[in-house]
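This report concerns only the one structure given below.
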Amino acid sequence: MSNSPRPNGAEIAATYMEGAVPESIKCTLQRKLFSHCSYCSCPIGKGPGWISKDAAKRCNTCGWVYCSDHVKGEGKCEACLDTAKAADHAEISLIKSTIVVGTGMGGLAAALAMKNRGVREVTILERTDVLRTSGGPILVQTNAMRALLDIDPTVMEKVFDTAGPLDDDGAFKTIDGKVLFASKLSTKIESQWGNPEGRSIVRGNLQQILYNRCVEVGVKVHFGVKVVDVEQDADQVTVTAEAYDGGKTSFTADFLVASDGIWSRVRQVLFPDVPAPVYQGYQMIISRAPTDKFDQMEMDCWGELWGKAHRFGFFRCGDGGTG
């Protein structure tokens with residue numbers, strides 16, 4: 001394992017976000033800087049092959065950030081100048097409220113991203129009575145770390161500082177030790193794309209970090225309510241939720257994000273003819289152990305052992321444990 005000093009999350013965030021978009025085109029509703037062109041999704045910033053910050057422009061009509069290729073005369077973006085697209089584009093820019101169903105990582109990340117990008121009212125509905133975190137370690141690869149940076153730099157900083165590094169040796173091996181694939185997962189991709197290096201983290205810890213940040217930025221979370229009905233028209237969507245005591249409450253917004261899992265109630269209401277998920281016979285057993293036990297066995301930073309119809313994987317989670 002490398003003994004070289006590591007930068008902390010704040011230093012990484014500053015390196016990648018500093019000057020990503022000039023101060024003159026920052027949106028007052030945003031809590032961070034845009035880092036991609038809203039038209040073609042090309043990255044804007046300091047990474048290799050990225051669009052220079054000087055080429056980033058903000059449309060005077062819709063307020064979104066674009067690379068210079070897609071902002072035309074009079075300070076308008078290509079979408080706003082295209083009469084066939086302008087109406088729909090304006091509607092997207094006018095989203096002021098959103099309902100998110102579910103407090104899993106997908107729902108929390110979506111809620112945080114929308115709140116940070118100017119959606120004024122973001123509400124999460126969760127059927128459990130408290131935030132329930134679960135699961136074992138997961139890999140947050142370099143592209144996912146960049147996504148967290150785009151969603152909220154504070155979240156990326158927290159993950160970077162508390163999760164386990166992936167820049168040391170690891171490998172996929174057969175059960176008898178034959179190496180199938182070996183690499184330093186993060187450093188190779190980081191050097192190619194200019195992203196923050198990856199991490200491994202307990203799924204529940206990442207979920208808690210996202211939830212804490214959602215609360216900090218003003219996302220409203222309602223626990224103990226399950227979705228029973230969804231209605232929509234040309235202007236808005238209304239979600240009816242039922243509490244444990246049987247009381248029902250209606251929530252109305254411009255937009256609805258269904259992130260309530262494999263047994264999604266929203267999907268059942270909107271698409272009742274879609275078949276239910278079918279178990280395919282795959283099973284995963286997750287546990288955690290103190291990292292020092294793996295150190296004594298001189299095991300890699302991460303890896304998988306492949307046997308016949310079985311696999312064993314492990315990652316250092318950064319909190320004194322390996323899963």
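For the structure tokens, the naming scheme is as follows: chains receive sequential letters (A, B, ...) according to their order of presentation, residues are indexed from 1 within each chain, and ligands are indexed from 1 in presentation order.
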
Pick out the residues sitting within 9 Å of Phe251 of chain A, and hand them over as a ChimeraX atom specification; count only C-alpha atoms, and ignore anything fewer than 5 positions along from it in its own chain.
-> /A:99,123,237-241

Figure out the distance between atom CA of Lys115 of chain A and atom CA of Leu256 of chain A, please, to one decimal in Å.
->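 Atom-to-atom, atom CA of Leu256 of chain A and atom CA of Lys115 of chain A are spaced 13.6 Å apart.
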
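Checking A:Ala147, A:Val269, A:Gln232, A:Phe312 one by one against Ala253 of chain A, counting only C-alpha atoms, you find the shortest gap at A:Gln232.
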
Residue contacts of segment 225-228 of chain A (10 Å, only C-alpha atoms) excluding same-chain residues fewer than 3 positions away, as a ChimeraX atom specification = /A:101-102,125-129,222,239-250,260,264-266,268-269

So that I have them on file, write out the residues from the current selection with N, CA, C and O atoms, as a compact mmCIF listing (two decimals), in the first residue's frame.
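Result file is selection-v9.txt:
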```
# COMPACT_ATOMS: atom_id res chain seq x y z
N VAL A 101 -39.88 9.85 -4.36
CA VAL A 101 -40.39 8.75 -3.54
C VAL A 101 -39.24 7.79 -3.27
O VAL A 101 -38.70 7.19 -4.19
N GLY A 102 -38.87 7.66 -1.99
CA GLY A 102 -37.81 6.74 -1.60
C GLY A 102 -36.55 7.43 -1.12
O GLY A 102 -36.11 8.42 -1.71
N LEU A 125 -40.72 11.44 0.03
CA LEU A 125 -41.68 10.63 0.76
C LEU A 125 -41.07 9.25 0.99
O LEU A 125 -40.59 8.61 0.05
N GLU A 126 -41.09 8.78 2.24
CA GLU A 126 -40.48 7.49 2.60
C GLU A 126 -41.45 6.70 3.48
O GLU A 126 -41.97 7.21 4.46
N ARG A 127 -41.69 5.45 3.10
CA ARG A 127 -42.69 4.65 3.83
C ARG A 127 -42.21 4.17 5.20
O ARG A 127 -43.00 3.94 6.10
N THR A 128 -40.88 3.99 5.38
CA THR A 128 -40.39 3.57 6.69
C THR A 128 -40.43 4.75 7.66
O THR A 128 -40.45 5.91 7.26
N ASP A 129 -40.42 4.42 8.97
CA ASP A 129 -40.55 5.48 9.97
C ASP A 129 -39.25 6.21 10.24
O ASP A 129 -39.25 7.31 10.82
N HIS A 222 -40.42 13.35 4.54
CA HIS A 222 -41.57 12.86 5.30
C HIS A 222 -41.44 11.35 5.46
O HIS A 222 -41.50 10.61 4.47
N VAL A 239 -49.44 13.29 -5.60
CA VAL A 239 -49.17 12.00 -4.97
C VAL A 239 -49.94 11.94 -3.66
O VAL A 239 -49.83 12.83 -2.81
N THR A 240 -50.75 10.90 -3.49
CA THR A 240 -51.48 10.69 -2.24
C THR A 240 -50.73 9.64 -1.42
O THR A 240 -50.44 8.54 -1.92
N ALA A 241 -50.39 10.00 -0.19
CA ALA A 241 -49.63 9.11 0.69
C ALA A 241 -50.42 8.83 1.95
O ALA A 241 -51.14 9.70 2.47
N GLU A 242 -50.28 7.62 2.46
CA GLU A 242 -51.03 7.19 3.65
C GLU A 242 -50.07 6.94 4.81
O GLU A 242 -49.06 6.23 4.65
N ALA A 243 -50.39 7.50 5.98
CA ALA A 243 -49.58 7.30 7.17
C ALA A 243 -49.98 6.01 7.87
O ALA A 243 -50.97 5.36 7.52
N TYR A 244 -49.21 5.61 8.89
CA TYR A 244 -49.48 4.38 9.60
C TYR A 244 -50.85 4.39 10.28
O TYR A 244 -51.48 3.35 10.46
N ASP A 245 -51.31 5.58 10.68
CA ASP A 245 -52.60 5.66 11.36
C ASP A 245 -53.78 5.72 10.39
O ASP A 245 -54.94 5.88 10.80
N GLY A 246 -53.50 5.60 9.09
CA GLY A 246 -54.56 5.60 8.10
C GLY A 246 -54.86 6.96 7.50
O GLY A 246 -55.60 7.06 6.52
N GLY A 247 -54.30 8.01 8.07
CA GLY A 247 -54.52 9.35 7.54
C GLY A 247 -53.83 9.54 6.21
O GLY A 247 -52.72 9.05 5.99
N LYS A 248 -54.50 10.25 5.30
CA LYS A 248 -53.95 10.46 3.97
C LYS A 248 -53.62 11.93 3.74
O LYS A 248 -54.33 12.81 4.19
N THR A 249 -52.51 12.16 3.02
CA THR A 249 -52.06 13.51 2.69
C THR A 249 -51.71 13.56 1.22
O THR A 249 -51.12 12.62 0.69
N SER A 250 -52.05 14.65 0.56
CA SER A 250 -51.72 14.83 -0.86
C SER A 250 -50.58 15.81 -1.01
O SER A 250 -50.54 16.84 -0.34
N ASP A 260 -38.48 4.23 -5.53
CA ASP A 260 -38.92 3.43 -4.38
C ASP A 260 -38.65 1.95 -4.56
O ASP A 260 -39.37 1.10 -4.02
N SER A 264 -41.58 -1.01 -6.52
CA SER A 264 -42.07 0.36 -6.60
C SER A 264 -43.59 0.46 -6.65
O SER A 264 -44.25 -0.08 -7.54
N ARG A 265 -44.13 1.17 -5.66
CA ARG A 265 -45.57 1.42 -5.65
C ARG A 265 -45.97 2.39 -6.76
O ARG A 265 -47.03 2.26 -7.37
N VAL A 266 -45.10 3.35 -7.04
CA VAL A 266 -45.38 4.31 -8.10
C VAL A 266 -45.50 3.59 -9.44
O VAL A 266 -46.41 3.86 -10.24
N GLN A 268 -46.36 0.49 -9.91
CA GLN A 268 -47.58 -0.31 -9.89
C GLN A 268 -48.81 0.54 -10.21
O GLN A 268 -49.73 0.09 -10.90
N VAL A 269 -48.83 1.78 -9.70
CA VAL A 269 -49.97 2.66 -9.94
C VAL A 269 -50.00 3.15 -11.39
O VAL A 269 -51.05 3.14 -12.04
```

Just the residues within 12 Å of segment 277-281 of chain A, please, counting only C-alpha atoms, with nothing from its chain fewer than 4 positions along; format it as a list in words.
->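 So the residues in contact are Gly261, Ile262, Trp263, Ser264, Arg267, Gln268 and Ala309 of chain A.
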
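Counting from atom CA of Leu210 of chain A, the distance to atom CA of Pro153 of chain A is 11.3 Å.
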
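Of the residues listed (A:Cys214, A:Val219, A:Cys317, A:Leu270), A:Cys317 shows the shortest atom-to-atom separation from Ala289 of chain A; distances use only C-alpha atoms.
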
DSSP alpha helix (DSSP H) residues within segment 73-272 of chain A, as a ChimeraX atom specification = /A:78-81,83-93,105-116,142-151,153-162,185-193,203-217,265-270

Hey, can you spit out that residue selection with C-alpha atoms as a short mmCIF file (atom, residue, chain, number, x, y, z; two decimals), in the first residue's frame?
```cif
data_model
loop_
_atom_site.label_atom_id
_atom_site.label_comp_id
_atom_site.auth_asym_id
_atom_site.auth_seq_id
_atom_site.Cartn_x
_atom_site.Cartn_y
_atom_site.Cartn_z
CA GLU A 78 -29.21 26.80 -29.36
CA ALA A 79 -32.28 25.19 -27.73
CA CYS A 80 -33.95 28.54 -27.03
CA LEU A 81 -33.24 29.79 -30.57
CA THR A 83 -38.50 27.51 -32.28
CA ALA A 84 -39.38 23.82 -32.41
CA LYS A 85 -37.59 23.16 -29.14
CA ALA A 86 -37.90 26.47 -27.30
CA ALA A 87 -41.30 25.83 -25.69
CA ASP A 88 -40.35 22.45 -24.26
CA HIS A 89 -36.96 23.77 -23.21
CA ALA A 90 -38.57 26.67 -21.34
CA GLU A 91 -40.90 24.26 -19.55
CA ILE A 92 -37.93 22.22 -18.30
CA SER A 93 -36.25 25.37 -17.02
CA MET A 105 -29.18 6.35 -2.66
CA GLY A 106 -30.89 7.03 -5.99
CA GLY A 107 -33.70 9.07 -4.46
CA LEU A 108 -31.44 11.03 -2.14
CA ALA A 109 -28.93 11.79 -4.91
CA ALA A 110 -31.72 12.91 -7.26
CA ALA A 111 -33.27 15.14 -4.59
CA LEU A 112 -29.93 16.72 -3.73
CA ALA A 113 -29.01 17.30 -7.38
CA MET A 114 -32.32 19.03 -8.11
CA LYS A 115 -32.16 21.17 -4.99
CA ASN A 116 -28.63 22.26 -5.83
CA THR A 142 -13.79 7.57 -10.38
CA ASN A 143 -16.69 8.43 -12.69
CA ALA A 144 -19.09 8.04 -9.76
CA MET A 145 -16.87 10.29 -7.62
CA ARG A 146 -17.05 12.88 -10.40
CA ALA A 147 -20.85 12.50 -10.40
CA LEU A 148 -20.92 13.09 -6.62
CA LEU A 149 -18.76 16.17 -7.18
CA ASP A 150 -21.27 17.44 -9.74
CA ILE A 151 -24.21 16.72 -7.43
CA PRO A 153 -18.99 18.88 -3.57
CA THR A 154 -19.61 18.49 0.19
CA VAL A 155 -20.83 14.92 -0.34
CA MET A 156 -17.81 14.06 -2.47
CA GLU A 157 -15.50 15.53 0.19
CA LYS A 158 -17.12 13.43 2.92
CA VAL A 159 -16.93 10.23 0.88
CA PHE A 160 -13.34 10.92 -0.12
CA ASP A 161 -12.26 11.48 3.47
CA THR A 162 -14.16 8.65 5.18
CA LEU A 185 -8.54 0.70 -10.39
CA SER A 186 -8.50 4.37 -9.57
CA THR A 187 -5.17 5.76 -10.60
CA LYS A 188 -5.39 4.42 -14.17
CA ILE A 189 -8.81 5.94 -14.85
CA GLU A 190 -8.07 9.08 -12.85
CA SER A 191 -5.00 9.86 -14.94
CA GLN A 192 -6.95 9.28 -18.16
CA TRP A 193 -10.09 11.30 -17.39
CA ARG A 203 -23.63 1.40 1.27
CA GLY A 204 -25.40 2.58 4.42
CA ASN A 205 -22.67 5.14 5.14
CA LEU A 206 -23.05 6.68 1.68
CA GLN A 207 -26.81 6.74 2.13
CA GLN A 208 -26.42 8.54 5.46
CA ILE A 209 -24.03 11.12 3.97
CA LEU A 210 -26.50 11.87 1.18
CA TYR A 211 -29.41 12.11 3.61
CA ASN A 212 -27.56 14.46 5.98
CA ARG A 213 -26.67 16.75 3.11
CA CYS A 214 -30.24 16.77 1.80
CA VAL A 215 -31.44 17.98 5.19
CA GLU A 216 -28.70 20.61 5.33
CA VAL A 217 -29.71 22.19 2.00
CA ARG A 265 -45.57 1.42 -5.65
CA VAL A 266 -45.38 4.31 -8.10
CA ARG A 267 -44.67 1.90 -10.94
CA GLN A 268 -47.58 -0.31 -9.89
CA VAL A 269 -49.97 2.66 -9.94
CA LEU A 270 -48.80 4.17 -13.23
#
```

Interatomic distance between atom CA of Cys77 of chain A and atom CA of Asp233 of chain A?
-> 28.9 Å
